[in-house]
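Structure below is my_file_15.pdb: PDB, C-alpha atoms.
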```pdb
ATOM      1  CA  MET A   1       0.000   0.000   0.000  1.00  0.00           C
ATOM      2  CA  SER A   2       1.457   3.364  -0.966  1.00  0.00           C
ATOM      3  CA  ASN A   3       1.911   6.132   1.588  1.00  0.00           C
ATOM      4  CA  LYS A   4      -0.659   8.285  -0.227  1.00  0.00           C
ATOM      5  CA  ILE A   5      -3.347   5.597  -0.059  1.00  0.00           C
ATOM      6  CA  TYR A   6      -2.468   4.831   3.561  1.00  0.00           C
ATOM      7  CA  ASN A   7      -2.765   8.504   4.537  1.00  0.00           C
ATOM      8  CA  ILE A   8      -6.107   8.878   2.744  1.00  0.00           C
ATOM      9  CA  LEU A   9      -7.531   5.752   4.382  1.00  0.00           C
ATOM     10  CA  LYS A  10      -6.214   6.846   7.769  1.00  0.00           C
ATOM     11  CA  PHE A  11      -7.965  10.219   7.387  1.00  0.00           C
ATOM     12  CA  VAL A  12     -11.182   8.474   6.366  1.00  0.00           C
ATOM     13  CA  ALA A  13     -10.970   6.102   9.347  1.00  0.00           C
ATOM     14  CA  GLN A  14     -10.085   8.753  11.910  1.00  0.00           C
ATOM     15  CA  ILE A  15     -12.186  11.701  10.736  1.00  0.00           C
ATOM     16  CA  VAL A  16     -14.697  11.042   7.959  1.00  0.00           C
ATOM     17  CA  LEU A  17     -16.449   7.830   9.012  1.00  0.00           C
ATOM     18  CA  PRO A  18     -16.908   8.752  12.697  1.00  0.00           C
ATOM     19  CA  ALA A  19     -18.212  12.168  11.634  1.00  0.00           C
ATOM     20  CA  ILE A  20     -20.715  10.635   9.204  1.00  0.00           C
ATOM     21  CA  ALA A  21     -21.905   8.113  11.800  1.00  0.00           C
ATOM     22  CA  THR A  22     -22.365  10.833  14.411  1.00  0.00           C
ATOM     23  CA  LEU A  23     -24.097  13.142  11.950  1.00  0.00           C
ATOM     24  CA  TYR A  24     -26.575  10.499  10.797  1.00  0.00           C
ATOM     25  CA  LEU A  25     -27.337   9.300  14.320  1.00  0.00           C
ATOM     26  CA  THR A  26     -27.965  12.871  15.467  1.00  0.00           C
ATOM     27  CA  LEU A  27     -30.088  13.806  12.456  1.00  0.00           C
ATOM     28  CA  ALA A  28     -32.035  10.553  12.696  1.00  0.00           C
ATOM     29  CA  GLY A  29     -33.007  11.478  16.242  1.00  0.00           C
ATOM     30  CA  ILE A  30     -33.975  15.023  15.327  1.00  0.00           C
ATOM     31  CA  TRP A  31     -35.739  14.348  12.022  1.00  0.00           C
ATOM     32  CA  CYS A  32     -36.992  10.803  12.657  1.00  0.00           C
ATOM     33  CA  LEU A  33     -34.867   9.357   9.866  1.00  0.00           C
ATOM     34  CA  PRO A  34     -35.037   5.566   9.589  1.00  0.00           C
ATOM     35  CA  PHE A  35     -32.604   3.105  11.166  1.00  0.00           C
ATOM     36  CA  GLY A  36     -30.396   5.648  12.935  1.00  0.00           C
ATOM     37  CA  GLU A  37     -28.679   3.157  15.229  1.00  0.00           C
ATOM     38  CA  GLN A  38     -28.346   0.529  12.510  1.00  0.00           C
ATOM     39  CA  VAL A  39     -26.819   2.914   9.967  1.00  0.00           C
ATOM     40  CA  SER A  40     -24.397   4.516  12.409  1.00  0.00           C
ATOM     41  CA  GLY A  41     -23.537   1.123  13.907  1.00  0.00           C
ATOM     42  CA  THR A  42     -22.747  -0.243  10.456  1.00  0.00           C
ATOM     43  CA  ILE A  43     -20.535   2.745   9.648  1.00  0.00           C
ATOM     44  CA  MET A  44     -18.663   2.324  12.925  1.00  0.00           C
ATOM     45  CA  ALA A  45     -18.209  -1.415  12.297  1.00  0.00           C
ATOM     46  CA  ILE A  46     -16.679  -0.609   8.897  1.00  0.00           C
ATOM     47  CA  ASP A  47     -14.533   2.053  10.541  1.00  0.00           C
ATOM     48  CA  THR A  48     -13.276  -0.393  13.173  1.00  0.00           C
ATOM     49  CA  PHE A  49     -12.412  -2.938  10.486  1.00  0.00           C
ATOM     50  CA  LEU A  50     -10.584  -0.288   8.450  1.00  0.00           C
ATOM     51  CA  GLY A  51      -8.659   0.802  11.539  1.00  0.00           C
ATOM     52  CA  ALA A  52      -7.581  -2.786  12.208  1.00  0.00           C
ATOM     53  CA  VAL A  53      -6.426  -3.277   8.612  1.00  0.00           C
ATOM     54  CA  LEU A  54      -4.472  -0.021   8.721  1.00  0.00           C
ATOM     55  CA  MET A  55      -2.841  -0.994  12.017  1.00  0.00           C
ATOM     56  CA  ILE A  56      -1.763  -4.342  10.557  1.00  0.00           C
ATOM     57  CA  SER A  57      -0.369  -2.552   7.502  1.00  0.00           C
ATOM     58  CA  SER A  58       1.465  -0.026   9.668  1.00  0.00           C
ATOM     59  CA  ASN A  59       2.971  -2.747  11.878  1.00  0.00           C
ATOM     60  CA  LYS A  60       4.106  -4.720   8.837  1.00  0.00           C
ATOM     61  CA  TYR A  61       5.692  -1.607   7.304  1.00  0.00           C
ATOM     62  CA  ASN A  62       7.484  -0.715  10.542  1.00  0.00           C
ATOM     63  CA  LYS A  63       8.735  -4.284  10.983  1.00  0.00           C
ATOM     64  CA  GLU A  64      10.114  -4.389   7.419  1.00  0.00           C
ATOM     65  CA  ASN A  65      11.876  -1.035   7.867  1.00  0.00           C
ATOM     66  CA  LYS A  66      13.347  -2.118  11.201  1.00  0.00           C
ATOM     67  CA  GLU A  67      14.760  -5.293   9.649  1.00  0.00           C
ATOM     68  CA  GLU A  68      16.408  -3.300   6.822  1.00  0.00           C
ATOM     69  CA  LYS A  69      18.388  -1.146   9.260  1.00  0.00           C
TER      70      LYS A  69
END
```
Would you put the structure from the file into structure tokens?
Amino acid sequence: MSNKIYNILKFVAQIVLPAIATLYLTLAGIWCLPFGEQVSGTIMAIDTFLGAVLMISSNKYNKENKEEK
């Protein structure tokens, strides 16, 4: 995974997805939108998975760089 893709995915995982989940959950409560908890819960599950994948990628990258030195 390139650094550019990693940085984009990290931004999405840390900022974008939690913000979208919070926004939808809040608006669902205010405007009676359907499935507020289900939608935000699904987004957060995806976000957690993405965070785990990025952590694995980061650990692998750091391990490879440590071995090269």
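Across the model, the gap from atom CA of Thr22 of chain A to atom CA of Asp47 of chain A is 12.4 Å.
For the pair atom CA of Ile56 of chain A and atom CA of Val12 of chain A, the interatomic distance is 16.4 Å.
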Write out, as JSON lines, each residue of segment 18-68 of chain A that has an atom at most 8 Å from segment 2-10 of chain A, together with the closest pair of atoms and their distance in Å to one decimal, counting all atoms listed in the file, rows going by chain and rising number.
```
{"residue": "A:Leu50", "atom": "CA", "partner": "A:Leu9", "partner_atom": "CA", "distance": 7.9}
{"residue": "A:Gly51", "atom": "CA", "partner": "A:Lys10", "partner_atom": "CA", "distance": 7.5}
{"residue": "A:Leu54", "atom": "CA", "partner": "A:Lys10", "partner_atom": "CA", "distance": 7.1}
```
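The two atoms in question, atom CA of Pro34 of chain A and atom CA of Phe11 of chain A, are spaced 27.6 Å apart.
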Ile46 of chain A: which residues within 10 Å, counting all atoms listed in the file, same-chain residues fewer than 6 positions away excluded, as an MDAnalysis selection string? chainID A and resid 13 17 40 52
I'd like the box whose edges run along x, y and z of the file and which contains every listed atom of segment 22-40 of chain A, padded by 4 Å per side; could you state its centre and edge lengths in Å, one decimal, as JSON?
```
{"center_x": -29.7, "center_y": 7.8, "center_z": 12.9, "size_x": 22.6, "size_y": 22.5, "size_z": 14.7}
```
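Every protein, DNA or RNA residue with an atom at most 12 Å from Leu25 of chain A, where only C-alpha atoms count and chain neighbours fewer than 2 positions away do not, is listed here: Pro18, Ala19, Ile20, Ala21, Thr22, Leu23, Leu27, Ala28, Gly29, Ile30, Trp31, Cys32, Leu33, Pro34, Phe35, Gly36, Glu37, Gln38, Val39, Ser40, Gly41, Thr42, Ile43 and Met44 of chain A.
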